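Following: one structure in structure tokens, then a few remarks.
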Amino acid sequence: MASQTRIIQIDSMTCGGCVASVHTATAHIDGLDTITVDLADNLATVTFDDSKTSAEAIASAINDAGFEATVANS
């Protein structure tokens with residue numbers, strides 16, 4: 001298990017409900033250890049097991065919830 005921490009830029013978040021929606025959208029992802037969503041900066045910091053998921057898969061789940069999420073360059 002190799003744990004990685006990455007930043008995901010999330011556009012279109014406007015309120016605390018959006019933050020909750022991001023948490024709900026990612027709750028089912030196997031291998032996601034933590035997600036911290038910063039509404040003010042439109043960012044999520046994610047820590048995950050890269051043998052089970054990827055930052056791109058997490059961003060995709062956020063996109064599926066109606067936001068515009070992209071993995072920041074590391």
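Chain labels run A, B, ... following the order of the structure tokens; each chain numbers its residues from 1, and ligands are numbered from 1 in the order shown.
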
Write down as a PyMOL selection string the residues of region 3-73 of chain A whose backbone DSSP state falls under strand (DSSP E or B).
chain A and resi 3-11+32-38+43-49+68-71

May I have the residues from that selection written out with N, CA, C and O atoms, as a short mmCIF file (atom, residue, chain, number, x, y, z; two decimals), in the first residue's frame?
```cif
data_model
loop_
_atom_site.label_atom_id
_atom_site.label_comp_id
_atom_site.auth_asym_id
_atom_site.auth_seq_id
_atom_site.Cartn_x
_atom_site.Cartn_y
_atom_site.Cartn_z
N SER A 3 0.54 5.21 0.08
CA SER A 3 -0.38 6.31 0.31
C SER A 3 0.12 7.55 -0.42
O SER A 3 1.31 7.87 -0.37
N GLN A 4 -0.79 8.22 -1.12
CA GLN A 4 -0.47 9.46 -1.81
C GLN A 4 -1.40 10.56 -1.34
O GLN A 4 -2.56 10.30 -1.01
N THR A 5 -0.92 11.77 -1.35
CA THR A 5 -1.75 12.93 -1.08
C THR A 5 -1.67 13.84 -2.30
O THR A 5 -0.58 14.14 -2.79
N ARG A 6 -2.84 14.24 -2.80
CA ARG A 6 -2.91 15.09 -3.99
C ARG A 6 -3.94 16.19 -3.76
O ARG A 6 -4.81 16.07 -2.91
N ILE A 7 -3.85 17.22 -4.58
CA ILE A 7 -4.79 18.34 -4.54
C ILE A 7 -5.69 18.27 -5.77
O ILE A 7 -5.20 18.06 -6.89
N ILE A 8 -6.98 18.44 -5.55
CA ILE A 8 -7.95 18.49 -6.65
C ILE A 8 -8.61 19.86 -6.62
O ILE A 8 -9.14 20.28 -5.59
N GLN A 9 -8.55 20.54 -7.75
CA GLN A 9 -9.23 21.83 -7.91
C GLN A 9 -10.69 21.55 -8.23
O GLN A 9 -10.99 20.74 -9.12
N ILE A 10 -11.60 22.19 -7.50
CA ILE A 10 -13.04 21.96 -7.72
C ILE A 10 -13.70 23.31 -7.98
O ILE A 10 -13.81 24.14 -7.08
N ASP A 11 -14.14 23.51 -9.21
CA ASP A 11 -14.87 24.72 -9.55
C ASP A 11 -16.36 24.46 -9.36
O ASP A 11 -16.79 23.32 -9.34
N LEU A 32 -9.85 5.50 -0.70
CA LEU A 32 -9.78 6.90 -0.29
C LEU A 32 -9.71 6.94 1.23
O LEU A 32 -10.62 6.49 1.92
N ASP A 33 -8.61 7.46 1.75
CA ASP A 33 -8.42 7.51 3.20
C ASP A 33 -9.02 8.77 3.80
O ASP A 33 -9.78 8.70 4.76
N THR A 34 -8.69 9.94 3.24
CA THR A 34 -9.23 11.19 3.74
C THR A 34 -9.48 12.15 2.60
O THR A 34 -8.79 12.11 1.57
N ILE A 35 -10.47 13.01 2.79
CA ILE A 35 -10.70 14.12 1.88
C ILE A 35 -11.05 15.33 2.73
O ILE A 35 -11.89 15.25 3.62
N THR A 36 -10.34 16.42 2.49
CA THR A 36 -10.59 17.68 3.17
C THR A 36 -10.93 18.70 2.09
O THR A 36 -10.11 18.95 1.19
N VAL A 37 -12.14 19.24 2.17
CA VAL A 37 -12.61 20.17 1.14
C VAL A 37 -12.54 21.59 1.69
O VAL A 37 -13.05 21.88 2.77
N ASP A 38 -11.89 22.47 0.94
CA ASP A 38 -11.74 23.88 1.31
C ASP A 38 -12.60 24.71 0.36
O ASP A 38 -12.23 24.92 -0.80
N LEU A 43 -10.66 23.81 -3.29
CA LEU A 43 -9.71 22.71 -3.36
C LEU A 43 -10.15 21.56 -2.47
O LEU A 43 -10.81 21.77 -1.45
N ALA A 44 -9.74 20.37 -2.85
CA ALA A 44 -9.85 19.21 -1.97
C ALA A 44 -8.47 18.59 -1.86
O ALA A 44 -7.78 18.41 -2.87
N THR A 45 -8.08 18.28 -0.65
CA THR A 45 -6.85 17.54 -0.42
C THR A 45 -7.26 16.10 -0.14
O THR A 45 -8.06 15.85 0.76
N VAL A 46 -6.76 15.18 -0.95
CA VAL A 46 -7.15 13.78 -0.82
C VAL A 46 -5.93 12.92 -0.52
O VAL A 46 -4.85 13.14 -1.06
N THR A 47 -6.11 11.97 0.37
CA THR A 47 -5.08 10.97 0.66
C THR A 47 -5.70 9.62 0.37
O THR A 47 -6.82 9.33 0.80
N PHE A 48 -4.98 8.81 -0.41
CA PHE A 48 -5.55 7.56 -0.89
C PHE A 48 -4.47 6.51 -1.09
O PHE A 48 -3.28 6.82 -1.20
N ASP A 49 -4.92 5.26 -1.14
CA ASP A 49 -4.06 4.12 -1.43
C ASP A 49 -3.99 3.98 -2.95
O ASP A 49 -4.99 3.64 -3.59
N GLU A 68 -16.83 20.73 -11.44
CA GLU A 68 -15.72 20.67 -12.39
C GLU A 68 -14.44 20.45 -11.60
O GLU A 68 -13.89 21.38 -11.03
N ALA A 69 -14.00 19.19 -11.56
CA ALA A 69 -12.84 18.83 -10.75
C ALA A 69 -11.69 18.40 -11.64
O ALA A 69 -11.86 17.63 -12.57
N THR A 70 -10.51 18.92 -11.33
CA THR A 70 -9.29 18.54 -12.05
C THR A 70 -8.17 18.34 -11.05
O THR A 70 -8.08 19.06 -10.05
N VAL A 71 -7.34 17.35 -11.31
CA VAL A 71 -6.20 17.07 -10.44
C VAL A 71 -5.14 18.13 -10.69
O VAL A 71 -4.75 18.38 -11.84
#
```

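In this structure, CA of Ile29 (chain A) sits 21.6 Å away from CA of Ser12 (chain A).
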
DSSP on the backbone, then: every residue of chain A marked alpha helix (DSSP H), written as a list of chain:residue names.
A:Gly16, A:Gly17, A:Cys18, A:Val19, A:Ala20, A:Ser21, A:Val22, A:His23, A:Thr24, A:Ala25, A:Thr26, A:Ala55, A:Glu56, A:Ala57, A:Ile58, A:Ala59, A:Ser60, A:Ala61, A:Ile62, A:Asn63, A:Asp64

Coordinates-based distance that separates CA of Asp64 (chain A) from CA of Gly31 (chain A) (Å, one decimal)
18.3 Å

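Comparing the minimum interatomic distances between Ser51 (chain A) and each of A:Thr24, A:Ala72, A:Asp30, A:Gly16, counting only C-alpha atoms, we find that A:Asp30 sits nearest.
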
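The interatomic distance for the pair CA of Val19 (chain A) and CA of Thr53 (chain A) works out to 21.0 Å.
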